[in-house]
Amino acid sequence: MSNEKKLFELIGQIGDLDEAAMQAAKERQDYLAKPPGSLGRLEDISIKIAGITGKAVGNDVTKQCIAIFSADNGVVEEGVASAPQSVTLSQTINFTRRYTGVSSMAKYWGIDLLVTDVGVAMEIPEVLYTDSMLTEDGKIPVKIVNRRIANGTRNLAKEAAMTRAEAVQAMLIGFDAAEAAKKSGAQLFGVGEMGIGNTTTSSALLSALTGLTGEQVVGRGGGLNDEGLAKKIKIVDDAVHSWCMADPIEKLCKIGGYDICAMVGAFLGAALHRIPVVIDGFISVVAACYAKELNPKVTDYMFASHKSYEIGYQAAMDRLHLQPMFDLGMRLGEGSGCPIAFKMIETAIASMNLMKTLQEASVDGDYLEEIRRDNLF
């Protein structure tokens, strides 16, 4: 079986949410010891989780994992990034040391990090690699998983960033990561990245998907000056106009990155394995959009963490019909929004599991019937 056929077979196996479990969760929320709807989106989260797991109450989301896909982008040759390419290498290593933004949060909360090299340009010391996404005892490794496809993509300003076969290969790596997370016992999954130049690739992909111009979707990334920003906008516009891109995979291979392709696969894989999955910031949300293009059901399994500072974020979120949970002015990437969102989801589940119903708490709730009946909240 070809890799592409395998990919589409996996995508086609994504199931629907459990409507009966969601209805039961909604009914319980309406009769918990509080005015109906008073916990707002926390209630919505608990109901959606019920649809994913098939359980209205008694869910556990305390075992968590974030997959980080690292890769370099040939387009940095054009001066579209404020940081040198060496940062991809150093930060990929630092994830395993728990020195970075997301990894320090993960260390504090005891969250697993599945760090995968899908195309870092510079050489990673062999001693830091592992070939498996799970240790012998079924845990997420603390090393870097070696799935390097090439030493970074080619320069999308001059040629296709990768072949279609490479894009499919990267997406299947994302599926593997979701499967490994599931086998490790993860009950919540997050998707992040590391790759200098990937706000350019994600902006180009968003432009190709939405028809928006470079000026409408391109931001300063890690801190570009005005000259660099103007160059980045032009490169995005030129790249999108240079290629005749039909389906989502063709767009991904022409102007995307190995990291984003792997993230697309990870979102789809999470849905396949029925794991609630959290979107990080701009690059993560663009990958989520492409996952939706391949199977619209995938958004049923997604939760958006923070509102990214990047200019194109809202356009991507509008395509998903999701809302971010919070706005802290974040723009780091790496999956750094995921640990915060995990704790909010935990809170939603705790309220569902531990709060008593009006009857259980011996509260006379007759006064709430009119509110409930007429939607007065």
# chains A, B, ... in the order shown; residues from 1 in each chain; ligands from 1

call {"tool": "residues_around", "arguments": {"residues": "region 173-187 of chain A", "least_positions_apart": "2", "cutoff": "8 Å", "atoms": "only C-alpha atoms", "output": "VMD selection string"}}
result
chain A and resid 60 to 65 67 114 133 to 134 138 to 140 147 169 to 171 189 261 to 270 273 275 to 276

call {"tool": "residues_around", "arguments": {"residues": "Pro125 (chain A)", "least_positions_apart": "2", "cutoff": "12 Å", "atoms": "only C-alpha atoms", "output": "ChimeraX atom specification"}}
result
/A:89-90,92-93,120,122-123,127-130,143-144,146

call {"tool": "write_last_selection", "arguments": {"atoms": "all heavy atoms", "output": "compact mmCIF listing (two decimals), in the first residue's frame"}}
result
# COMPACT_ATOMS: atom_id res chain seq x y z
N LEU A 89 17.96 24.13 16.07
CA LEU A 89 18.76 23.07 16.66
C LEU A 89 18.83 23.20 18.17
O LEU A 89 18.53 22.25 18.91
CB LEU A 89 20.17 23.09 16.07
CG LEU A 89 21.22 22.19 16.74
CD1 LEU A 89 20.88 20.73 16.53
CD2 LEU A 89 22.61 22.51 16.22
N SER A 90 19.21 24.38 18.65
CA SER A 90 19.44 24.54 20.09
C SER A 90 18.15 24.38 20.89
O SER A 90 18.14 23.74 21.96
CB SER A 90 20.09 25.89 20.39
OG SER A 90 19.29 26.95 19.92
N THR A 92 15.44 22.65 19.98
CA THR A 92 15.01 21.26 19.94
C THR A 92 15.72 20.45 21.02
O THR A 92 15.10 19.64 21.72
CB THR A 92 15.30 20.66 18.54
OG1 THR A 92 14.57 21.39 17.56
CG2 THR A 92 14.91 19.19 18.48
N ILE A 93 17.00 20.70 21.19
CA ILE A 93 17.74 20.04 22.27
C ILE A 93 17.25 20.52 23.63
O ILE A 93 17.07 19.72 24.56
CB ILE A 93 19.25 20.31 22.10
CG1 ILE A 93 19.77 19.63 20.83
CG2 ILE A 93 20.03 19.83 23.33
CD1 ILE A 93 21.19 20.02 20.46
N VAL A 120 15.27 18.96 10.96
CA VAL A 120 16.19 20.00 11.46
C VAL A 120 17.41 20.03 10.54
O VAL A 120 17.99 18.98 10.22
CB VAL A 120 16.60 19.71 12.92
CG1 VAL A 120 17.62 20.74 13.41
CG2 VAL A 120 15.36 19.70 13.82
N MET A 122 20.53 21.38 10.93
CA MET A 122 21.84 21.16 11.52
C MET A 122 21.88 19.84 12.28
O MET A 122 20.85 19.35 12.75
CB MET A 122 22.20 22.33 12.43
CG MET A 122 22.32 23.65 11.68
SD MET A 122 22.80 25.01 12.77
CE MET A 122 22.89 26.35 11.56
N GLU A 123 23.06 19.30 12.43
CA GLU A 123 23.23 17.97 12.99
C GLU A 123 22.96 17.94 14.49
O GLU A 123 23.50 18.73 15.25
CB GLU A 123 24.64 17.47 12.71
CG GLU A 123 24.87 16.03 13.14
CD GLU A 123 26.25 15.52 12.77
OE1 GLU A 123 26.97 16.23 12.03
OE2 GLU A 123 26.62 14.43 13.24
N VAL A 127 23.73 10.89 20.38
CA VAL A 127 23.42 10.45 21.74
C VAL A 127 22.08 11.01 22.23
O VAL A 127 21.47 10.47 23.15
CB VAL A 127 24.57 10.85 22.70
CG1 VAL A 127 24.63 12.37 22.91
CG2 VAL A 127 24.42 10.13 24.04
N LEU A 128 21.61 12.09 21.61
CA LEU A 128 20.36 12.72 22.02
C LEU A 128 19.14 12.12 21.33
O LEU A 128 18.01 12.46 21.66
CB LEU A 128 20.41 14.23 21.76
CG LEU A 128 21.52 15.01 22.47
CD1 LEU A 128 21.45 16.48 22.10
CD2 LEU A 128 21.43 14.82 23.98
N TYR A 129 19.36 11.23 20.36
CA TYR A 129 18.28 10.66 19.57
C TYR A 129 17.76 9.35 20.16
O TYR A 129 18.46 8.62 20.86
CB TYR A 129 18.77 10.34 18.16
CG TYR A 129 18.68 11.45 17.15
CD1 TYR A 129 19.75 11.70 16.29
CD2 TYR A 129 17.54 12.22 17.00
CE1 TYR A 129 19.69 12.69 15.32
CE2 TYR A 129 17.46 13.22 16.05
CZ TYR A 129 18.54 13.46 15.20
OH TYR A 129 18.47 14.42 14.24
N THR A 130 16.51 9.06 19.81
CA THR A 130 15.95 7.73 19.98
C THR A 130 15.19 7.40 18.71
O THR A 130 14.70 8.31 18.02
CB THR A 130 15.01 7.65 21.20
OG1 THR A 130 14.45 6.32 21.27
CG2 THR A 130 13.87 8.65 21.11
N LYS A 143 14.22 11.80 25.11
CA LYS A 143 15.13 12.11 24.01
C LYS A 143 14.37 12.65 22.80
O LYS A 143 13.15 12.75 22.81
CB LYS A 143 15.91 10.85 23.63
CG LYS A 143 16.93 10.41 24.67
CD LYS A 143 17.83 9.32 24.13
CE LYS A 143 19.00 9.04 25.08
NZ LYS A 143 19.95 8.07 24.49
N ILE A 144 15.10 12.99 21.75
CA ILE A 144 14.53 13.48 20.51
C ILE A 144 14.28 12.29 19.59
O ILE A 144 15.19 11.50 19.32
CB ILE A 144 15.48 14.48 19.82
CG1 ILE A 144 15.74 15.69 20.74
CG2 ILE A 144 14.92 14.93 18.47
CD1 ILE A 144 16.96 16.50 20.32
N ASN A 146 14.03 10.54 16.22
CA ASN A 146 14.62 10.80 14.91
C ASN A 146 13.69 10.34 13.79
O ASN A 146 13.59 9.15 13.50
CB ASN A 146 15.97 10.11 14.78
CG ASN A 146 16.70 10.48 13.49
OD1 ASN A 146 16.19 11.24 12.69
ND2 ASN A 146 17.89 9.95 13.31

call {"tool": "closest_atom_pairs", "arguments": {"of": "region 32-143 of chain A", "to": "region 197-200 of chain A", "cutoff": "6 Å", "atoms": "only C-alpha atoms", "output": "JSON lines"}}
result
{"residue": "A:Asn73", "atom": "CA", "partner": "A:Gly197", "partner_atom": "CA", "distance": 5.8}
{"residue": "A:Val76", "atom": "CA", "partner": "A:Gly197", "partner_atom": "CA", "distance": 5.6}
{"residue": "A:Ala81", "atom": "CA", "partner": "A:Gly197", "partner_atom": "CA", "distance": 5.5}

call {"tool": "closest_residue", "arguments": {"among": "A:Phe69, A:Tyr108, A:Tyr309, A:Phe326", "to": "Arg41 (chain A)", "atoms": "only C-alpha atoms"}}
result
A:Phe326

call {"tool": "residues_around", "arguments": {"residues": "Glu215 (chain A)", "least_positions_apart": "3", "cutoff": "10 Å", "atoms": "only C-alpha atoms", "output": "list in words"}}
result
Ser203, Ser207, Leu212, Val218, Gly219, Leu229, Ala230, Lys232, Ile233, Lys234, Val236, Asp237, Ile311 and Gly312 of chain A

call {"tool": "write_last_selection", "arguments": {"atoms": "N, CA and C atoms", "output": "PDB file, in the first residue's frame"}}
result
ATOM      1  N   SER A 203       1.976  31.391   7.037  1.00  0.00           N
ATOM      2  CA  SER A 203       1.271  32.519   6.414  1.00  0.00           C
ATOM      3  C   SER A 203       0.958  32.227   4.954  1.00  0.00           C
ATOM      4  N   SER A 207      -2.751  31.954   3.340  1.00  0.00           N
ATOM      5  CA  SER A 207      -3.111  32.757   2.171  1.00  0.00           C
ATOM      6  C   SER A 207      -3.637  31.868   1.044  1.00  0.00           C
ATOM      7  N   LEU A 212      -6.670  35.340   1.138  1.00  0.00           N
ATOM      8  CA  LEU A 212      -6.220  36.601   1.725  1.00  0.00           C
ATOM      9  C   LEU A 212      -4.816  36.928   1.227  1.00  0.00           C
ATOM     10  N   VAL A 218       0.372  38.101   7.145  1.00  0.00           N
ATOM     11  CA  VAL A 218       1.777  38.031   7.548  1.00  0.00           C
ATOM     12  C   VAL A 218       2.052  38.971   8.713  1.00  0.00           C
ATOM     13  N   GLY A 219       2.658  38.417   9.775  1.00  0.00           N
ATOM     14  CA  GLY A 219       3.068  39.211  10.918  1.00  0.00           C
ATOM     15  C   GLY A 219       4.587  39.240  11.051  1.00  0.00           C
ATOM     16  N   LEU A 229       9.735  42.601   7.188  1.00  0.00           N
ATOM     17  CA  LEU A 229       8.303  42.335   7.078  1.00  0.00           C
ATOM     18  C   LEU A 229       7.827  42.527   5.641  1.00  0.00           C
ATOM     19  N   ALA A 230       8.259  43.605   5.001  1.00  0.00           N
ATOM     20  CA  ALA A 230       7.863  43.862   3.606  1.00  0.00           C
ATOM     21  C   ALA A 230       8.342  42.745   2.689  1.00  0.00           C
ATOM     22  N   LYS A 232       8.945  39.651   3.589  1.00  0.00           N
ATOM     23  CA  LYS A 232       8.180  38.450   3.934  1.00  0.00           C
ATOM     24  C   LYS A 232       6.805  38.469   3.258  1.00  0.00           C
ATOM     25  N   ILE A 233       6.143  39.619   3.261  1.00  0.00           N
ATOM     26  CA  ILE A 233       4.838  39.750   2.610  1.00  0.00           C
ATOM     27  C   ILE A 233       4.953  39.454   1.119  1.00  0.00           C
ATOM     28  N   LYS A 234       5.978  40.016   0.489  1.00  0.00           N
ATOM     29  CA  LYS A 234       6.169  39.806  -0.950  1.00  0.00           C
ATOM     30  C   LYS A 234       6.443  38.339  -1.271  1.00  0.00           C
ATOM     31  N   VAL A 236       5.494  35.707   0.418  1.00  0.00           N
ATOM     32  CA  VAL A 236       4.248  34.953   0.574  1.00  0.00           C
ATOM     33  C   VAL A 236       3.355  35.151  -0.639  1.00  0.00           C
ATOM     34  N   ASP A 237       3.153  36.396  -1.051  1.00  0.00           N
ATOM     35  CA  ASP A 237       2.301  36.661  -2.219  1.00  0.00           C
ATOM     36  C   ASP A 237       2.853  36.000  -3.475  1.00  0.00           C
ATOM     37  N   ILE A 311      -1.068  38.295  13.127  1.00  0.00           N
ATOM     38  CA  ILE A 311      -2.155  38.961  12.417  1.00  0.00           C
ATOM     39  C   ILE A 311      -3.123  37.991  11.741  1.00  0.00           C
ATOM     40  N   GLY A 312      -2.632  36.862  11.258  1.00  0.00           N
ATOM     41  CA  GLY A 312      -3.489  35.941  10.527  1.00  0.00           C
ATOM     42  C   GLY A 312      -4.278  34.985  11.399  1.00  0.00           C
TER      43      GLY A 312
END

call {"tool": "select_by_dssp", "arguments": {"residues": "region 55-228 of chain A", "states": "strand (DSSP E)", "output": "ChimeraX atom specification"}}
result
/A:64-71,112-119,129-130,144-146,188-194

call {"tool": "residues_around", "arguments": {"residues": "Gln314 (chain A)", "least_positions_apart": "6", "cutoff": "9 Å", "atoms": "only C-alpha atoms", "output": "PyMOL selection string"}}
result
chain A and resi 282+307-308

call {"tool": "closest_residue", "arguments": {"among": "A:Val118, A:Val240, A:Leu10, A:Ala341", "to": "Asp327 (chain A)", "atoms": "only C-alpha atoms"}}
result
A:Ala341

call {"tool": "select_by_dssp", "arguments": {"residues": "region 3-154 of chain A", "states": "alpha helix (DSSP H)", "output": "NGL selection string"}}
result
:A and (3-12 or 19-31 or 41-53 or 86-97 or 101-109)

call {"tool": "closest_residue", "arguments": {"among": "A:Leu294, A:Ala239, A:Ala165, A:Ala56", "to": "Glu9 (chain A)", "atoms": "only C-alpha atoms"}}
result
A:Leu294

call {"tool": "residues_around", "arguments": {"residues": "Leu224 (chain A)", "least_positions_apart": "3", "cutoff": "9 Å", "atoms": "only C-alpha atoms", "output": "PyMOL selection string"}}
result
chain A and resi 80-83+219-221+227-229

call {"tool": "write_last_selection", "arguments": {"atoms": "N, CA and C atoms", "output": "compact mmCIF listing (two decimals), in the first residue's frame"}}
result
# COMPACT_ATOMS: atom_id res chain seq x y z
N VAL A 80 13.72 36.27 5.91
CA VAL A 80 12.37 36.46 6.44
C VAL A 80 12.26 36.15 7.93
N ALA A 81 13.37 35.83 8.56
CA ALA A 81 13.34 35.48 9.98
C ALA A 81 14.33 36.35 10.74
N SER A 82 13.95 36.71 11.96
CA SER A 82 14.83 37.54 12.78
C SER A 82 15.88 36.71 13.51
N ALA A 83 15.62 35.41 13.68
CA ALA A 83 16.54 34.54 14.41
C ALA A 83 17.34 33.68 13.44
N GLY A 219 2.66 38.42 9.77
CA GLY A 219 3.07 39.21 10.92
C GLY A 219 4.59 39.24 11.05
N ARG A 220 5.05 39.80 12.13
CA ARG A 220 6.49 39.97 12.33
C ARG A 220 7.18 38.73 12.88
N GLY A 221 6.38 37.67 13.17
CA GLY A 221 7.00 36.44 13.67
C GLY A 221 7.77 36.69 14.94
N GLU A 227 11.67 46.37 7.08
CA GLU A 227 12.22 45.88 5.80
C GLU A 227 12.00 44.38 5.66
N GLY A 228 12.28 43.66 6.73
CA GLY A 228 12.09 42.21 6.71
C GLY A 228 10.63 41.84 6.55
N LEU A 229 9.73 42.60 7.19
CA LEU A 229 8.30 42.33 7.08
C LEU A 229 7.83 42.53 5.64

call {"tool": "closest_atom_pairs", "arguments": {"of": "region 56-129 of chain A", "to": "region 17-32 of chain A", "cutoff": "12 Å", "atoms": "only C-alpha atoms", "output": "JSON lines"}}
result
{"residue": "A:Ala56", "atom": "CA", "partner": "A:Ala25", "partner_atom": "CA", "distance": 4.5}
{"residue": "A:Val57", "atom": "CA", "partner": "A:Ala25", "partner_atom": "CA", "distance": 6.8}
{"residue": "A:Gly58", "atom": "CA", "partner": "A:Ala25", "partner_atom": "CA", "distance": 10.5}
{"residue": "A:Asn59", "atom": "CA", "partner": "A:Ala25", "partner_atom": "CA", "distance": 11.0}

call {"tool": "closest_residue", "arguments": {"among": "A:His306, A:Arg98, A:Lys231, A:Arg331", "to": "Glu78 (chain A)", "atoms": "only C-alpha atoms"}}
result
A:Lys231

call {"tool": "residues_around", "arguments": {"residues": "Phe303 (chain A)", "least_positions_apart": "4", "cutoff": "9 Å", "atoms": "only C-alpha atoms", "output": "mmCIF file with all heavy atoms, in the first residue's frame"}}
result
data_model
loop_
_atom_site.group_PDB
_atom_site.id
_atom_site.type_symbol
_atom_site.label_atom_id
_atom_site.label_comp_id
_atom_site.auth_asym_id
_atom_site.auth_seq_id
_atom_site.Cartn_x
_atom_site.Cartn_y
_atom_site.Cartn_z
ATOM 1 N N ILE A 45 -17.041 22.814 27.395
ATOM 2 C CA ILE A 45 -15.860 21.955 27.330
ATOM 3 C C ILE A 45 -16.178 20.559 27.863
ATOM 4 O O ILE A 45 -15.841 19.543 27.248
ATOM 5 C CB ILE A 45 -14.688 22.582 28.104
ATOM 6 C CG1 ILE A 45 -14.160 23.815 27.368
ATOM 7 C CG2 ILE A 45 -13.557 21.561 28.320
ATOM 8 C CD1 ILE A 45 -13.197 24.660 28.186
ATOM 9 N N PRO A 276 -8.862 14.264 23.025
ATOM 10 C CA PRO A 276 -9.051 15.708 22.918
ATOM 11 C C PRO A 276 -7.704 16.373 22.620
ATOM 12 O O PRO A 276 -6.700 16.068 23.271
ATOM 13 C CB PRO A 276 -9.559 16.110 24.306
ATOM 14 C CG PRO A 276 -10.046 14.846 24.935
ATOM 15 C CD PRO A 276 -9.222 13.744 24.353
ATOM 16 N N VAL A 277 -7.670 17.264 21.623
ATOM 17 C CA VAL A 277 -6.405 17.843 21.189
ATOM 18 C C VAL A 277 -6.467 19.359 21.227
ATOM 19 O O VAL A 277 -7.450 19.964 20.802
ATOM 20 C CB VAL A 277 -6.013 17.318 19.788
ATOM 21 C CG1 VAL A 277 -7.030 17.705 18.723
ATOM 22 C CG2 VAL A 277 -4.622 17.788 19.399
ATOM 23 N N VAL A 278 -5.401 19.966 21.745
ATOM 24 C CA VAL A 278 -5.351 21.412 21.937
ATOM 25 C C VAL A 278 -4.477 22.063 20.869
ATOM 26 O O VAL A 278 -3.355 21.630 20.619
ATOM 27 C CB VAL A 278 -4.833 21.750 23.350
ATOM 28 C CG1 VAL A 278 -4.586 23.250 23.499
ATOM 29 C CG2 VAL A 278 -5.833 21.274 24.402
ATOM 30 N N ILE A 279 -5.019 23.116 20.269
ATOM 31 C CA ILE A 279 -4.291 23.944 19.307
ATOM 32 C C ILE A 279 -3.487 24.973 20.084
ATOM 33 O O ILE A 279 -3.977 25.565 21.045
ATOM 34 C CB ILE A 279 -5.282 24.675 18.380
ATOM 35 C CG1 ILE A 279 -6.165 23.673 17.627
ATOM 36 C CG2 ILE A 279 -4.551 25.595 17.413
ATOM 37 C CD1 ILE A 279 -7.384 24.323 16.982
ATOM 38 N N THR A 299 -12.413 18.894 13.761
ATOM 39 C CA THR A 299 -12.617 20.024 14.672
ATOM 40 C C THR A 299 -13.443 19.633 15.899
ATOM 41 O O THR A 299 -13.388 20.307 16.926
ATOM 42 C CB THR A 299 -13.296 21.201 13.961
ATOM 43 O OG1 THR A 299 -14.535 20.770 13.394
ATOM 44 C CG2 THR A 299 -12.407 21.764 12.875
ATOM 45 N N LEU A 322 -14.016 27.877 15.902
ATOM 46 C CA LEU A 322 -13.680 27.664 17.308
ATOM 47 C C LEU A 322 -13.360 29.007 17.959
ATOM 48 O O LEU A 322 -13.148 30.005 17.275
ATOM 49 C CB LEU A 322 -12.471 26.729 17.440
ATOM 50 C CG LEU A 322 -12.626 25.311 16.899
ATOM 51 C CD1 LEU A 322 -11.294 24.572 16.986
ATOM 52 C CD2 LEU A 322 -13.709 24.543 17.662
ATOM 53 N N GLN A 323 -13.309 29.016 19.276
ATOM 54 C CA GLN A 323 -12.930 30.209 20.025
ATOM 55 C C GLN A 323 -11.749 29.897 20.925
ATOM 56 O O GLN A 323 -11.735 28.855 21.589
ATOM 57 C CB GLN A 323 -14.085 30.693 20.908
ATOM 58 C CG GLN A 323 -15.233 31.342 20.184
ATOM 59 C CD GLN A 323 -16.282 31.791 21.190
ATOM 60 O OE1 GLN A 323 -17.104 31.001 21.663
ATOM 61 N NE2 GLN A 323 -16.251 33.053 21.544
ATOM 62 N N PRO A 324 -10.754 30.786 20.975
ATOM 63 C CA PRO A 324 -9.660 30.566 21.921
ATOM 64 C C PRO A 324 -10.167 30.692 23.359
ATOM 65 O O PRO A 324 -11.128 31.402 23.630
ATOM 66 C CB PRO A 324 -8.665 31.681 21.581
ATOM 67 C CG PRO A 324 -9.488 32.746 20.926
ATOM 68 C CD PRO A 324 -10.590 32.037 20.205
ATOM 69 N N MET A 325 -9.516 29.986 24.262
ATOM 70 C CA MET A 325 -9.926 30.010 25.660
ATOM 71 C C MET A 325 -9.480 31.280 26.385
ATOM 72 O O MET A 325 -10.116 31.717 27.330
ATOM 73 C CB MET A 325 -9.337 28.801 26.403
ATOM 74 C CG MET A 325 -9.867 27.466 25.948
ATOM 75 S SD MET A 325 -9.168 26.162 26.995
ATOM 76 C CE MET A 325 -9.674 24.725 26.059
ATOM 77 N N ALA A 341 -4.116 25.654 28.677
ATOM 78 C CA ALA A 341 -5.424 25.144 28.266
ATOM 79 C C ALA A 341 -5.739 23.813 28.938
ATOM 80 O O ALA A 341 -6.890 23.556 29.316
ATOM 81 C CB ALA A 341 -5.461 24.983 26.749
#

call {"tool": "closest_residue", "arguments": {"among": "A:Thr100, A:Ser2, A:Gln216, A:Asn151", "to": "Leu332 (chain A)", "atoms": "only C-alpha atoms"}}
result
A:Thr100

call {"tool": "decode", "arguments": {"residues": "region 119-184 of chain A", "atoms": "C-alpha atoms", "output": "mmCIF file, in the first residue's frame"}}
result
data_model
loop_
_atom_site.group_PDB
_atom_site.id
_atom_site.type_symbol
_atom_site.label_atom_id
_atom_site.label_comp_id
_atom_site.auth_asym_id
_atom_site.auth_seq_id
_atom_site.Cartn_x
_atom_site.Cartn_y
_atom_site.Cartn_z
ATOM 1 C CA GLY A 119 13.741 18.002 9.346
ATOM 2 C CA VAL A 120 16.191 19.997 11.456
ATOM 3 C CA ALA A 121 18.896 21.333 9.135
ATOM 4 C CA MET A 122 21.844 21.157 11.523
ATOM 5 C CA GLU A 123 23.231 17.968 12.990
ATOM 6 C CA ILE A 124 21.857 16.762 16.312
ATOM 7 C CA PRO A 125 24.310 14.653 18.377
ATOM 8 C CA GLU A 126 23.441 10.978 17.973
ATOM 9 C CA VAL A 127 23.420 10.455 21.737
ATOM 10 C CA LEU A 128 20.357 12.718 22.024
ATOM 11 C CA TYR A 129 18.284 10.659 19.567
ATOM 12 C CA THR A 130 15.951 7.734 19.984
ATOM 13 C CA ASP A 131 14.354 5.723 17.195
ATOM 14 C CA SER A 132 11.122 5.057 19.053
ATOM 15 C CA MET A 133 8.271 7.300 20.181
ATOM 16 C CA LEU A 134 7.778 5.048 23.218
ATOM 17 C CA THR A 135 10.241 3.588 25.683
ATOM 18 C CA GLU A 136 10.265 -0.144 26.391
ATOM 19 C CA ASP A 137 7.897 0.414 29.315
ATOM 20 C CA GLY A 138 5.433 2.391 27.176
ATOM 21 C CA LYS A 139 6.364 5.916 28.216
ATOM 22 C CA ILE A 140 7.148 9.018 26.175
ATOM 23 C CA PRO A 141 10.958 9.276 25.820
ATOM 24 C CA VAL A 142 12.938 12.245 27.121
ATOM 25 C CA LYS A 143 15.131 12.107 24.013
ATOM 26 C CA ILE A 144 14.530 13.477 20.508
ATOM 27 C CA VAL A 145 12.728 11.053 18.204
ATOM 28 C CA ASN A 146 14.616 10.804 14.910
ATOM 29 C CA ARG A 147 12.193 11.030 11.991
ATOM 30 C CA ARG A 148 14.300 13.460 9.953
ATOM 31 C CA ILE A 149 13.073 13.521 6.340
ATOM 32 C CA ALA A 150 15.745 15.925 5.068
ATOM 33 C CA ASN A 151 17.946 18.723 6.369
ATOM 34 C CA GLY A 152 15.144 21.257 6.151
ATOM 35 C CA THR A 153 12.832 21.998 3.242
ATOM 36 C CA ARG A 154 13.874 23.708 0.047
ATOM 37 C CA ASN A 155 13.398 27.454 -0.475
ATOM 38 C CA LEU A 156 9.732 27.972 -1.400
ATOM 39 C CA ALA A 157 10.637 31.332 -2.964
ATOM 40 C CA LYS A 158 12.556 29.458 -5.663
ATOM 41 C CA GLU A 159 11.099 25.944 -5.862
ATOM 42 C CA ALA A 160 8.623 23.590 -4.215
ATOM 43 C CA ALA A 161 9.428 23.246 -0.525
ATOM 44 C CA MET A 162 9.133 19.450 -0.668
ATOM 45 C CA THR A 163 7.767 16.640 -2.762
ATOM 46 C CA ARG A 164 4.253 15.341 -2.298
ATOM 47 C CA ALA A 165 5.694 12.069 -0.996
ATOM 48 C CA GLU A 166 7.672 13.967 1.644
ATOM 49 C CA ALA A 167 4.570 15.884 2.755
ATOM 50 C CA VAL A 168 2.646 12.623 3.133
ATOM 51 C CA GLN A 169 5.560 11.072 5.024
ATOM 52 C CA ALA A 170 5.578 13.977 7.466
ATOM 53 C CA MET A 171 1.819 13.716 7.992
ATOM 54 C CA LEU A 172 2.139 10.020 8.799
ATOM 55 C CA ILE A 173 4.789 10.912 11.383
ATOM 56 C CA GLY A 174 2.145 13.101 13.010
ATOM 57 C CA PHE A 175 -0.264 10.151 13.055
ATOM 58 C CA ASP A 176 2.473 8.075 14.717
ATOM 59 C CA ALA A 177 2.905 10.734 17.404
ATOM 60 C CA ALA A 178 -0.814 10.748 18.215
ATOM 61 C CA GLU A 179 -0.824 6.955 18.391
ATOM 62 C CA ALA A 180 2.202 6.980 20.705
ATOM 63 C CA ALA A 181 0.495 9.519 22.962
ATOM 64 C CA LYS A 182 -2.602 7.314 23.115
ATOM 65 C CA LYS A 183 -0.559 4.207 23.918
ATOM 66 C CA SER A 184 1.295 6.093 26.663
#
